[in-house]
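Here is the structure we will look at.
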Amino acid sequence: MPNYSWPPMEQRRVMGKRLARLDGAAKASGKAKYNSDVRPAGTIHGAILHCPHAHCRVRSIDTSAAKALSGVTSVRVAAEPGKEIMWPNAEIAFVAARTEEIAREALRLIKVDYEVLPHLVREENLAAAGSRAKPAGEVVTGDPDAALRSADVVHEGEYGIPVITHCCLEPHGSTVQWSGNKVEFWPSTQAISNVGGDLAKGIELAAGNVHAHMDYVGGGFGSKFQADLWGIQAAHMSKESGGKPVKLYLDRAAELTIAGIRPSVYGKIRLGAKRDGTLVAWDSLTWMTGGMAGGGLNADLLPYVFRNVPNRRVNHTAVATNTGAQRAWRAPNHPQVSFVTCAALDDLAAKLNMDPLDFFKKNANLTVREAVYVSQLDKAADMIEWKKRYHSRGDKTAGSMKRGLGLAVGTWQGGGHASQCRTNIHPDGSVEVELGSQDIGTGTRTIITQVAAESLGLPMNAIKLNIGDNGLPPSGASGGSTTVGGVASSSRIATLNALEKLFEAVAPSLGAPADQLEAVDGKIQVKGNPAKSLTWKAACAKLGVKTISENGANDQRNPRGLNAAGVGGVHMADVSVDVETGVVTVNKVVAVQDCGLIINPKLAEGQVFGGVIMGICAALMEERVMDEATGRCLNQDMEFYKLAGIGDIGDIQVHMDITPDHDKRGVVGLGEPATIPTIAAIANACTNAIGVRVPTLPLTPRNVLNALAGRRMA
Amino acid sequence: MSKKDTELKPKPAPESGKGFSRRGFLGTSTAAGAVGSGLMEQTAEAAQGAGGKGITLAGETEITLNINGQPRKVTVEPRTTLLDALRDRMEVTGAKRVCDRGTCGACSVIVNGKVSYGCTMLAIDAQGKRIQTIEGFGNHPVINAFVQHDGLQCGYCTPGMVVAAKALLDRNPRPSSQEILEGMGGNLCRCGTYVGIKQAVAEAAKELRGGRNA
Ligand code: FES
Ligand code: FES
């Protein structure tokens, strides 16, 4: 059996290099075809009629005029009379027509009579939630009441972080062609190996009859794992339209309201410490909404990271609201609990008159990776010149511009998912690496190719990589930062298995046993004896007419040291706040990220930059605004659902914690951890600048000015 | 509901044949007679003939658009945006449809030398104008700069970013870092690639000036 271990750090020739991403040119030149660009011959267009009410019952629906419109090929009712609709923009009917313009016009001809029912769409006031609030039950360790009574300093505060949406730039949707008993499926997905089967289930077809293919996806962030009702209805409409491909993508309003949200978290928190800063007790009541299902929060997540506080009480309540359902959102629940926890700890430190840097370090023993956090806090403090620039709460300098520093922590698992890979070595020397994975923008294509090139001693361009198809060996969905560990491991194993077969085939010619051969610099040679070698091409020619095709899998129960889970990270922020306008400006964010073995530092840093920028968006501007009077979302467009622009991000500095010790752990995913602490770091910096806590995010002028005026939450 | 039904009130069409408002067309019908352009009358009549009275302005007509220096015929409706004409009728898919409301810049194309949002211009209004899309950029140094500085992740915003960057450098070969932020400020990225984009635009500017720093 080959030795699958990663080559030692200093011997790597392709892995560890700052290579540009392989599909960069295709994407940056506009040549890359996303599935929303793909239009197979004969494609027709679908459109969706969405419900205008937050809660209602369909009394009647009349589609006759839509059906009669010239160019319309299929009209399907998704909400039959009597059906109760639970959130705004829920799907009422679907239309397919020769052009998108005709399909949209047909929607306007559908007459629906609704019986409007009472709704709840806002959750920040728990008392108003009534029977919609479902407590999850209390979790207690130690004696929090006694600990709070005997604590030297107790802080009590309220914190809120609202619902935000994924806002993938490529909307959810697909093109589907159902003819006979075969379905061709071009989805925008994070899960190409599974999504075909999901569609097959939805349309009651054998899984093997659905072929799914995708070369590029325009963002997912946790919201694109399923075929969804939109894929299922597109399939039916294709069948009803004589097997023509139906292209159906959500418009932006639907994308922002029914294609996934990140649940809110609101909380009342009490915590206590000894005079020397030792945290002794935590008591929290949190609540959130993730739509009608409410929204669960694992009690183990509170207090975040400082989980081993000896006395804790955790209560959580899920609030069912008439709003679109939650989906996994880059590090599910972690950014929210990082904010709630780090903000409360920061406030407690202020009450103790302690520098939060000292306070967090003092309590690092309550985390499961004390040494990591202490060293990361020191590193980040150096990068942002904390010691020199930190002032106690409230910038006392004159003028309306106040400046402050803040910090926060995060953690994530990120072990590799189940992944299978096949490597083919052909007699002509060409190599294919094949797996049913997808590159969601993280650089998956590039890192798999680096692993294969490293393993075979070949240049990057000698490897042909095939991904993005459910006919390939199945690989896990890209979620939870599990992809890099999974695919790096499976492609390492499959490629070394194939190489072993090649060694066996050429061993006689080189006069050495197969296990004494190595692949280096485009040659197969006897270990340590370059004189006894064959070029890669000559070696492969020894295969005659036989292609080598070998499989490899990442076994999650035994990742063979190739990948691992569990990282920590620290972010620090420097912000300026204009106390007259309430405008918060990010000057700088530093991110120190622990990450295991890094296959491509350029792409790894890109993940961290991206994570920080997403955190800036959520800290400063992102918020889904629901209107309790009408039950509607008030900002279901990108003018008012704000994302940061290039001028909003300040200076971002990333430090990857690359050390031999971390490298030895193998590959650990880092898409999620990189986005977790930014929000709380910025919120704490804002508090440090203006001297008061802005309890509810985002840090919009309205929320900042309310806090300065002493008004309470929301 | 689509947002269009509830939020977009029908607006009177403009008096002249220039600058048709997309929102007006996407709203419910206005009388065909309110539209001044000969072309519009023609298509509106076609629509009336086909569908009866009081309907939206519909009906297809063949127009010619000048795309990357080539005259190309395409059949559109009056309400078809330039972006949808490119993407759904001409297989020109570098420009992406994201917000569809002139906010994000993913649909950027260059019209008569100016960056424009393809989603806020009607195809019929683009007749007789020089339309440059990313497909016509060849191996422009901006593209390689984005790749080398990793100014992209999922890549969905990227063609629009590249169009904006090229247009910025065409009009200002020596942008300051502040001018880069302003020039790229009309484009949004969800993956958070702005750090690489800043570097890419600055480097492309240098490269276009022949590698000179000054
Ligand atoms: S799609 Fe045109 S600006 Fe967003
Ligand atoms: S790279 Fe994904 S939206 Fe910009």
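Following the order of the structure tokens, chains are lettered A, B, ..., residues in each are numbered from 1, and ligands are numbered from 1.
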
Which chains and residue numbers are within 9 Å of ligand 2, counting only C-alpha atoms and all ligand atoms, if I want them as number ranges by chain? A: 168-170, 217-219, 440-441; B: 106, 151-158, 161, 188-194

With ligand 1 as the partner and 10 Å as the cut-off, tabulate the residues of chain A that qualify, each row holding the nearest pair of atoms and their distance in Å to one decimal, using only C-alpha atoms and all ligand atoms, sorted by chain and rising number, as CSV.
```
residue,atom,partner,partner_atom_place_in_ligand_line,distance
A:Leu169,CA,ligand 1,4 (Fe),9.1
A:Arg252,CA,ligand 1,1 (S),9.5
A:Asp637,CA,ligand 1,4 (Fe),9.9
A:Met638,CA,ligand 1,4 (Fe),8.0
A:Glu639,CA,ligand 1,4 (Fe),9.6
```

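For the atom pair formed by CA of Lys388 (chain A) and CA of Gly404 (chain A), the distance is 12.2 Å, given to one decimal.
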
Could you pull out the residues in region 419-554 of chain A that DSSP calls helix (DSSP H, G or I) from the backbone, as a ChimeraX atom specification? /A:444-456,460-462,483-510,514-516,536-541

In Å, rounded to a single decimal, give me how far CA of Ala604 (chain A) is from CA of His213 (chain A).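 Distance reported for this atom pair: 26.4 Å.
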
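Taking only C-alpha atoms, the non-local environment of Cys119 (chain B) within 6 Å (same-chain residues fewer than 6 positions away omitted) comprises Thr81, Leu83 and Asp100 of chain B.
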
In Å, rounded to a single decimal, give me how far CA of Phe503 (chain A) is from CA of Ile598 (chain A).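 A separation of 28.4 Å between them.
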
Excluding same-chain residues fewer than 3 positions from Arg369 (chain A), what lies within 12 Å of it counting only C-alpha atoms, as a PDB file with N, CA, C and O atoms, in the first residue's frame?
```pdb
ATOM      1  N   VAL A 305     -17.067  29.658  22.458  1.00  0.00           N
ATOM      2  CA  VAL A 305     -15.633  29.423  22.635  1.00  0.00           C
ATOM      3  C   VAL A 305     -15.251  29.274  24.123  1.00  0.00           C
ATOM      4  O   VAL A 305     -14.560  28.322  24.485  1.00  0.00           O
ATOM      5  N   PHE A 306     -15.740  30.176  24.998  1.00  0.00           N
ATOM      6  CA  PHE A 306     -15.404  30.119  26.436  1.00  0.00           C
ATOM      7  C   PHE A 306     -16.362  29.164  27.147  1.00  0.00           C
ATOM      8  O   PHE A 306     -16.910  29.448  28.201  1.00  0.00           O
ATOM      9  N   ARG A 307     -16.544  28.049  26.522  1.00  0.00           N
ATOM     10  CA  ARG A 307     -17.589  27.097  26.843  1.00  0.00           C
ATOM     11  C   ARG A 307     -17.417  26.471  28.235  1.00  0.00           C
ATOM     12  O   ARG A 307     -18.374  26.041  28.860  1.00  0.00           O
ATOM     13  N   ASN A 308     -16.183  26.446  28.719  1.00  0.00           N
ATOM     14  CA  ASN A 308     -15.947  25.739  29.982  1.00  0.00           C
ATOM     15  C   ASN A 308     -16.075  26.630  31.204  1.00  0.00           C
ATOM     16  O   ASN A 308     -15.522  26.338  32.262  1.00  0.00           O
ATOM     17  N   LYS A 361      -7.495  36.910  27.180  1.00  0.00           N
ATOM     18  CA  LYS A 361      -6.358  36.018  27.436  1.00  0.00           C
ATOM     19  C   LYS A 361      -6.484  35.358  28.805  1.00  0.00           C
ATOM     20  O   LYS A 361      -6.237  34.160  28.956  1.00  0.00           O
ATOM     21  N   ASN A 363      -9.047  34.487  30.309  1.00  0.00           N
ATOM     22  CA  ASN A 363     -10.059  33.420  30.341  1.00  0.00           C
ATOM     23  C   ASN A 363      -9.893  32.376  29.238  1.00  0.00           C
ATOM     24  O   ASN A 363     -10.750  31.519  29.046  1.00  0.00           O
ATOM     25  N   ALA A 364      -8.752  32.439  28.543  1.00  0.00           N
ATOM     26  CA  ALA A 364      -8.532  31.481  27.446  1.00  0.00           C
ATOM     27  C   ALA A 364      -8.504  30.045  27.954  1.00  0.00           C
ATOM     28  O   ALA A 364      -8.727  29.103  27.191  1.00  0.00           O
ATOM     29  N   ASN A 365      -8.266  29.881  29.246  1.00  0.00           N
ATOM     30  CA  ASN A 365      -8.285  28.523  29.797  1.00  0.00           C
ATOM     31  C   ASN A 365      -9.700  27.930  29.817  1.00  0.00           C
ATOM     32  O   ASN A 365      -9.877  26.747  30.058  1.00  0.00           O
ATOM     33  N   LEU A 366     -10.699  28.763  29.561  1.00  0.00           N
ATOM     34  CA  LEU A 366     -12.069  28.238  29.483  1.00  0.00           C
ATOM     35  C   LEU A 366     -12.405  27.737  28.073  1.00  0.00           C
ATOM     36  O   LEU A 366     -13.513  27.296  27.817  1.00  0.00           O
ATOM     37  N   VAL A 372      -3.563  28.194  21.520  1.00  0.00           N
ATOM     38  CA  VAL A 372      -3.830  28.760  20.192  1.00  0.00           C
ATOM     39  C   VAL A 372      -4.396  30.161  20.335  1.00  0.00           C
ATOM     40  O   VAL A 372      -3.921  31.111  19.699  1.00  0.00           O
ATOM     41  N   TYR A 373      -5.418  30.317  21.190  1.00  0.00           N
ATOM     42  CA  TYR A 373      -6.053  31.635  21.306  1.00  0.00           C
ATOM     43  C   TYR A 373      -5.091  32.672  21.887  1.00  0.00           C
ATOM     44  O   TYR A 373      -5.058  33.814  21.444  1.00  0.00           O
ATOM     45  N   VAL A 374      -4.323  32.280  22.873  1.00  0.00           N
ATOM     46  CA  VAL A 374      -3.399  33.249  23.473  1.00  0.00           C
ATOM     47  C   VAL A 374      -2.403  33.726  22.421  1.00  0.00           C
ATOM     48  O   VAL A 374      -2.159  34.927  22.251  1.00  0.00           O
ATOM     49  N   SER A 375      -1.855  32.789  21.656  1.00  0.00           N
ATOM     50  CA  SER A 375      -0.862  33.220  20.675  1.00  0.00           C
ATOM     51  C   SER A 375      -1.523  34.020  19.554  1.00  0.00           C
ATOM     52  O   SER A 375      -0.946  34.975  19.034  1.00  0.00           O
ATOM     53  N   GLN A 376      -2.760  33.663  19.195  1.00  0.00           N
ATOM     54  CA  GLN A 376      -3.444  34.424  18.146  1.00  0.00           C
ATOM     55  C   GLN A 376      -3.811  35.827  18.632  1.00  0.00           C
ATOM     56  O   GLN A 376      -3.722  36.797  17.875  1.00  0.00           O
ATOM     57  N   VAL A 409     -13.450  36.311  18.817  1.00  0.00           N
ATOM     58  CA  VAL A 409     -12.877  34.993  18.517  1.00  0.00           C
ATOM     59  C   VAL A 409     -13.893  34.121  17.778  1.00  0.00           C
ATOM     60  O   VAL A 409     -15.096  34.392  17.795  1.00  0.00           O
ATOM     61  N   GLY A 410     -13.372  33.079  17.143  1.00  0.00           N
ATOM     62  CA  GLY A 410     -14.232  32.121  16.464  1.00  0.00           C
ATOM     63  C   GLY A 410     -13.626  30.735  16.504  1.00  0.00           C
ATOM     64  O   GLY A 410     -12.445  30.561  16.839  1.00  0.00           O
ATOM     65  N   THR A 411     -14.440  29.755  16.139  1.00  0.00           N
ATOM     66  CA  THR A 411     -13.941  28.375  16.051  1.00  0.00           C
ATOM     67  C   THR A 411     -14.780  27.605  15.050  1.00  0.00           C
ATOM     68  O   THR A 411     -15.939  27.964  14.789  1.00  0.00           O
ATOM     69  N   TRP A 412     -14.201  26.579  14.470  1.00  0.00           N
ATOM     70  CA  TRP A 412     -14.952  25.751  13.517  1.00  0.00           C
ATOM     71  C   TRP A 412     -14.295  24.379  13.437  1.00  0.00           C
ATOM     72  O   TRP A 412     -13.159  24.201  13.867  1.00  0.00           O
ATOM     73  N   GLY A 566     -11.069  21.279  13.508  1.00  0.00           N
ATOM     74  CA  GLY A 566     -10.921  22.068  14.730  1.00  0.00           C
ATOM     75  C   GLY A 566      -9.905  23.183  14.600  1.00  0.00           C
ATOM     76  O   GLY A 566      -8.707  22.933  14.613  1.00  0.00           O
ATOM     77  N   VAL A 567     -10.398  24.394  14.420  1.00  0.00           N
ATOM     78  CA  VAL A 567      -9.501  25.549  14.364  1.00  0.00           C
ATOM     79  C   VAL A 567     -10.065  26.689  15.194  1.00  0.00           C
ATOM     80  O   VAL A 567     -11.258  26.745  15.473  1.00  0.00           O
ATOM     81  N   GLY A 568      -9.183  27.597  15.559  1.00  0.00           N
ATOM     82  CA  GLY A 568      -9.586  28.837  16.222  1.00  0.00           C
ATOM     83  C   GLY A 568      -9.141  30.024  15.389  1.00  0.00           C
ATOM     84  O   GLY A 568      -8.292  29.880  14.514  1.00  0.00           O
ATOM     85  N   GLY A 569      -9.723  31.161  15.662  1.00  0.00           N
ATOM     86  CA  GLY A 569      -9.306  32.368  14.942  1.00  0.00           C
ATOM     87  C   GLY A 569      -9.627  33.600  15.760  1.00  0.00           C
ATOM     88  O   GLY A 569     -10.544  33.588  16.579  1.00  0.00           O
ATOM     89  N   ASP A 594      -5.970  29.979  12.194  1.00  0.00           N
ATOM     90  CA  ASP A 594      -5.292  28.700  12.355  1.00  0.00           C
ATOM     91  C   ASP A 594      -5.944  27.735  11.382  1.00  0.00           C
ATOM     92  O   ASP A 594      -7.144  27.767  11.183  1.00  0.00           O
TER      93      ASP A 594
END
```

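Among the candidates B:Thr75, B:Thr120, B:Asn144, B:Asn66, the one nearest to chain A when counting only C-alpha atoms is B:Asn144.
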
Interface rows for region 661-713 of chain A against region 620-626 of chain A: nearest pair, Å to one decimal, 7 Å, only C-alpha atoms, as CSV:
```
residue,atom,partner,partner_atom,distance
A:Pro698,CA,A:Leu620,CA,5.0
A:Leu699,CA,A:Leu620,CA,4.7
A:Thr700,CA,A:Leu620,CA,6.0
```

Give me, as a PyMOL selection string, all polymer residues having an atom no more than 6 Å from region 111-127 of chain A, counting only C-alpha atoms and skipping those fewer than 3 positions away in the same chain. chain A and resi 55-62+321-322+628

Keeping all heavy atoms for every residue in the selection just given, could you write it to a file as a PDB file, in the first residue's frame?
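Below you can see selection15.pdb, which holds the result:
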```pdb
ATOM      1  N   HIS A  55     -49.345  35.326   5.518  1.00  0.00           N
ATOM      2  CA  HIS A  55     -50.084  34.169   6.023  1.00  0.00           C
ATOM      3  C   HIS A  55     -51.484  34.253   5.418  1.00  0.00           C
ATOM      4  O   HIS A  55     -52.178  35.261   5.594  1.00  0.00           O
ATOM      5  CB  HIS A  55     -50.141  34.204   7.550  1.00  0.00           C
ATOM      6  CG  HIS A  55     -50.749  32.968   8.159  1.00  0.00           C
ATOM      7  ND1 HIS A  55     -51.223  32.941   9.448  1.00  0.00           N
ATOM      8  CD2 HIS A  55     -50.957  31.729   7.657  1.00  0.00           C
ATOM      9  CE1 HIS A  55     -51.697  31.738   9.724  1.00  0.00           C
ATOM     10  NE2 HIS A  55     -51.552  30.980   8.652  1.00  0.00           N
ATOM     11  N   CYS A  56     -51.893  33.243   4.726  1.00  0.00           N
ATOM     12  CA  CYS A  56     -53.197  33.313   4.064  1.00  0.00           C
ATOM     13  C   CYS A  56     -53.611  31.915   3.618  1.00  0.00           C
ATOM     14  O   CYS A  56     -52.859  30.948   3.771  1.00  0.00           O
ATOM     15  CB  CYS A  56     -53.153  34.241   2.839  1.00  0.00           C
ATOM     16  SG  CYS A  56     -52.029  33.674   1.556  1.00  0.00           S
ATOM     17  N   ARG A  57     -54.819  31.841   3.121  1.00  0.00           N
ATOM     18  CA  ARG A  57     -55.287  30.583   2.530  1.00  0.00           C
ATOM     19  C   ARG A  57     -55.766  30.909   1.114  1.00  0.00           C
ATOM     20  O   ARG A  57     -56.402  31.940   0.901  1.00  0.00           O
ATOM     21  CB  ARG A  57     -56.410  29.980   3.375  1.00  0.00           C
ATOM     22  CG  ARG A  57     -56.780  28.570   2.960  1.00  0.00           C
ATOM     23  CD  ARG A  57     -57.756  27.912   3.922  1.00  0.00           C
ATOM     24  NE  ARG A  57     -57.099  27.447   5.133  1.00  0.00           N
ATOM     25  CZ  ARG A  57     -57.288  27.947   6.351  1.00  0.00           C
ATOM     26  NH1 ARG A  57     -58.119  28.935   6.538  1.00  0.00           N
ATOM     27  NH2 ARG A  57     -56.647  27.460   7.402  1.00  0.00           N
ATOM     28  N   VAL A  58     -55.440  30.032   0.199  1.00  0.00           N
ATOM     29  CA  VAL A  58     -55.889  30.241  -1.176  1.00  0.00           C
ATOM     30  C   VAL A  58     -57.356  29.822  -1.252  1.00  0.00           C
ATOM     31  O   VAL A  58     -57.703  28.690  -0.925  1.00  0.00           O
ATOM     32  CB  VAL A  58     -55.042  29.408  -2.156  1.00  0.00           C
ATOM     33  CG1 VAL A  58     -55.595  29.519  -3.571  1.00  0.00           C
ATOM     34  CG2 VAL A  58     -53.586  29.859  -2.105  1.00  0.00           C
ATOM     35  N   ARG A  59     -58.217  30.785  -1.648  1.00  0.00           N
ATOM     36  CA  ARG A  59     -59.637  30.441  -1.802  1.00  0.00           C
ATOM     37  C   ARG A  59     -59.881  29.864  -3.188  1.00  0.00           C
ATOM     38  O   ARG A  59     -60.538  28.854  -3.358  1.00  0.00           O
ATOM     39  CB  ARG A  59     -60.506  31.685  -1.621  1.00  0.00           C
ATOM     40  CG  ARG A  59     -60.831  32.033  -0.195  1.00  0.00           C
ATOM     41  CD  ARG A  59     -62.150  32.831  -0.144  1.00  0.00           C
ATOM     42  NE  ARG A  59     -62.276  33.480   1.147  1.00  0.00           N
ATOM     43  CZ  ARG A  59     -61.960  34.758   1.364  1.00  0.00           C
ATOM     44  NH1 ARG A  59     -61.532  35.532   0.372  1.00  0.00           N
ATOM     45  NH2 ARG A  59     -62.082  35.262   2.568  1.00  0.00           N
ATOM     46  N   SER A  60     -59.353  30.554  -4.173  1.00  0.00           N
ATOM     47  CA  SER A  60     -59.551  30.059  -5.542  1.00  0.00           C
ATOM     48  C   SER A  60     -58.402  30.558  -6.401  1.00  0.00           C
ATOM     49  O   SER A  60     -57.746  31.549  -6.065  1.00  0.00           O
ATOM     50  CB  SER A  60     -60.878  30.569  -6.092  1.00  0.00           C
ATOM     51  OG  SER A  60     -60.808  31.967  -6.241  1.00  0.00           O
ATOM     52  N   ILE A  61     -58.176  29.850  -7.457  1.00  0.00           N
ATOM     53  CA  ILE A  61     -57.126  30.269  -8.388  1.00  0.00           C
ATOM     54  C   ILE A  61     -57.600  29.967  -9.800  1.00  0.00           C
ATOM     55  O   ILE A  61     -58.119  28.880 -10.070  1.00  0.00           O
ATOM     56  CB  ILE A  61     -55.774  29.587  -8.045  1.00  0.00           C
ATOM     57  CG1 ILE A  61     -54.686  30.005  -9.050  1.00  0.00           C
ATOM     58  CG2 ILE A  61     -55.860  28.080  -7.966  1.00  0.00           C
ATOM     59  CD1 ILE A  61     -53.272  29.755  -8.537  1.00  0.00           C
ATOM     60  N   ASP A  62     -57.474  30.959 -10.658  1.00  0.00           N
ATOM     61  CA  ASP A  62     -57.960  30.824 -12.037  1.00  0.00           C
ATOM     62  C   ASP A  62     -56.793  31.076 -12.983  1.00  0.00           C
ATOM     63  O   ASP A  62     -56.271  32.188 -13.063  1.00  0.00           O
ATOM     64  CB  ASP A  62     -59.085  31.835 -12.273  1.00  0.00           C
ATOM     65  CG  ASP A  62     -59.581  31.805 -13.720  1.00  0.00           C
ATOM     66  OD1 ASP A  62     -59.060  30.992 -14.518  1.00  0.00           O
ATOM     67  OD2 ASP A  62     -60.471  32.617 -14.033  1.00  0.00           O
ATOM     68  N   THR A 321     -41.923  32.464  12.751  1.00  0.00           N
ATOM     69  CA  THR A 321     -42.454  33.657  12.084  1.00  0.00           C
ATOM     70  C   THR A 321     -42.873  33.299  10.664  1.00  0.00           C
ATOM     71  O   THR A 321     -42.361  32.340  10.079  1.00  0.00           O
ATOM     72  CB  THR A 321     -41.402  34.785  12.012  1.00  0.00           C
ATOM     73  OG1 THR A 321     -40.238  34.267  11.378  1.00  0.00           O
ATOM     74  CG2 THR A 321     -41.068  35.342  13.376  1.00  0.00           C
ATOM     75  N   ASN A 322     -43.770  34.102  10.130  1.00  0.00           N
ATOM     76  CA  ASN A 322     -44.235  33.893   8.760  1.00  0.00           C
ATOM     77  C   ASN A 322     -43.232  34.518   7.797  1.00  0.00           C
ATOM     78  O   ASN A 322     -43.484  35.539   7.148  1.00  0.00           O
ATOM     79  CB  ASN A 322     -45.619  34.517   8.568  1.00  0.00           C
ATOM     80  CG  ASN A 322     -46.636  33.835   9.449  1.00  0.00           C
ATOM     81  OD1 ASN A 322     -46.983  34.338  10.513  1.00  0.00           O
ATOM     82  ND2 ASN A 322     -47.091  32.680   9.029  1.00  0.00           N
ATOM     83  N   GLU A 628     -44.242  44.527  10.080  1.00  0.00           N
ATOM     84  CA  GLU A 628     -45.280  43.791  10.809  1.00  0.00           C
ATOM     85  C   GLU A 628     -46.679  44.165  10.303  1.00  0.00           C
ATOM     86  O   GLU A 628     -47.593  43.333  10.297  1.00  0.00           O
ATOM     87  CB  GLU A 628     -45.167  44.055  12.319  1.00  0.00           C
ATOM     88  CG  GLU A 628     -45.908  43.073  13.203  1.00  0.00           C
ATOM     89  CD  GLU A 628     -45.512  41.607  12.984  1.00  0.00           C
ATOM     90  OE1 GLU A 628     -44.358  41.245  13.256  1.00  0.00           O
ATOM     91  OE2 GLU A 628     -46.368  40.807  12.551  1.00  0.00           O
TER      92      GLU A 628
END
```

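Every protein or nucleic acid residue with an atom no more than 10 Å from Gly197 (chain A), counting only C-alpha atoms and leaving out same-chain residues fewer than 2 positions away, appears here: Ile192, Ser193, Asn194, Val195, Leu199, Ala200, Lys201, Gly202, Ile203, Glu204, Leu205, Ala206, Ala207, Gly208, Asn209, Val210, His211, Ala212, Gln226, Ala227 and Asn470 of chain A.
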
Write a file of the just-selected residues containing C-alpha atoms, as a PDB file, in the first residue's frame.
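Dumped to result.pdb:
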```pdb
ATOM      1  CA  ILE A 192     -23.557  18.138  -7.764  1.00  0.00           C
ATOM      2  CA  SER A 193     -23.256  14.493  -6.648  1.00  0.00           C
ATOM      3  CA  ASN A 194     -26.503  14.621  -4.635  1.00  0.00           C
ATOM      4  CA  VAL A 195     -28.739  17.143  -6.294  1.00  0.00           C
ATOM      5  CA  LEU A 199     -34.617  16.038  -8.076  1.00  0.00           C
ATOM      6  CA  ALA A 200     -35.306  12.398  -8.983  1.00  0.00           C
ATOM      7  CA  LYS A 201     -37.007  11.907  -5.626  1.00  0.00           C
ATOM      8  CA  GLY A 202     -39.095  15.025  -6.146  1.00  0.00           C
ATOM      9  CA  ILE A 203     -40.370  13.866  -9.523  1.00  0.00           C
ATOM     10  CA  GLU A 204     -40.554  10.169  -8.609  1.00  0.00           C
ATOM     11  CA  LEU A 205     -38.017   8.952 -11.085  1.00  0.00           C
ATOM     12  CA  ALA A 206     -35.164   6.503 -10.492  1.00  0.00           C
ATOM     13  CA  ALA A 207     -32.093   8.438  -9.337  1.00  0.00           C
ATOM     14  CA  GLY A 208     -30.020   7.034 -12.182  1.00  0.00           C
ATOM     15  CA  ASN A 209     -32.297   8.670 -14.732  1.00  0.00           C
ATOM     16  CA  VAL A 210     -31.311  12.183 -13.764  1.00  0.00           C
ATOM     17  CA  HIS A 211     -28.046  13.468 -15.150  1.00  0.00           C
ATOM     18  CA  ALA A 212     -26.798  16.606 -13.395  1.00  0.00           C
ATOM     19  CA  GLN A 226     -31.320  20.910  -2.927  1.00  0.00           C
ATOM     20  CA  ALA A 227     -33.133  20.651  -6.246  1.00  0.00           C
ATOM     21  CA  ASN A 470     -23.109  13.270 -11.031  1.00  0.00           C
TER      22      ASN A 470
END
```

List the spatial neighbours of region 453-469 of chain A as a VMD selection string - criterion: any atom at most 6 Å away, only C-alpha atoms, same-chain residues fewer than 3 positions off excluded. chain A and resid 14 192 212 to 215 431 to 438 449 to 450 472 519 to 522

Mind writing the picked residues with C-alpha atoms as a PDB file, in the first residue's frame?
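Dumped to selection-v5.pdb:
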```pdb
ATOM      1  CA  VAL A  14       3.427  22.193  -6.144  1.00  0.00           C
ATOM      2  CA  ILE A 192     -23.557  18.138  -7.764  1.00  0.00           C
ATOM      3  CA  ALA A 212     -26.798  16.606 -13.395  1.00  0.00           C
ATOM      4  CA  HIS A 213     -23.967  18.751 -14.692  1.00  0.00           C
ATOM      5  CA  MET A 214     -22.467  22.052 -13.570  1.00  0.00           C
ATOM      6  CA  ASP A 215     -19.144  23.691 -14.388  1.00  0.00           C
ATOM      7  CA  VAL A 431      -3.755  11.841 -16.580  1.00  0.00           C
ATOM      8  CA  GLU A 432      -7.343  12.405 -15.522  1.00  0.00           C
ATOM      9  CA  VAL A 433      -8.547  13.031 -12.007  1.00  0.00           C
ATOM     10  CA  GLU A 434     -12.291  12.645 -11.656  1.00  0.00           C
ATOM     11  CA  LEU A 435     -14.656  13.338  -8.818  1.00  0.00           C
ATOM     12  CA  GLY A 436     -18.199  14.560  -8.381  1.00  0.00           C
ATOM     13  CA  SER A 437     -17.201  17.700  -6.543  1.00  0.00           C
ATOM     14  CA  GLN A 438     -17.725  21.344  -7.400  1.00  0.00           C
ATOM     15  CA  THR A 449      -4.846  19.622  -9.348  1.00  0.00           C
ATOM     16  CA  GLN A 450      -2.019  20.715  -7.033  1.00  0.00           C
ATOM     17  CA  LEU A 472     -18.348  10.906 -11.559  1.00  0.00           C
ATOM     18  CA  ALA A 519       7.807   9.898  -9.342  1.00  0.00           C
ATOM     19  CA  VAL A 520       9.868  13.084  -9.468  1.00  0.00           C
ATOM     20  CA  ASP A 521      10.158  15.948 -11.944  1.00  0.00           C
ATOM     21  CA  GLY A 522       8.293  14.243 -14.754  1.00  0.00           C
TER      22      GLY A 522
END
```

Using the chain letters and numbers from this document, which residues of region 90-167 of chain B does DSSP assign to strand (DSSP E or B), as a VMD selection string? chain B and resid 108 to 111 114 to 117 122 130 to 132

Measuring atom to atom with only C-alpha atoms, identify which of A:Met1, A:Gly30, A:Val337, A:Gly46 is nearest to Ala95 (chain B).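 Among A:Met1, A:Gly30, A:Val337, A:Gly46, it is A:Gly30 that comes nearest to Ala95 (chain B).
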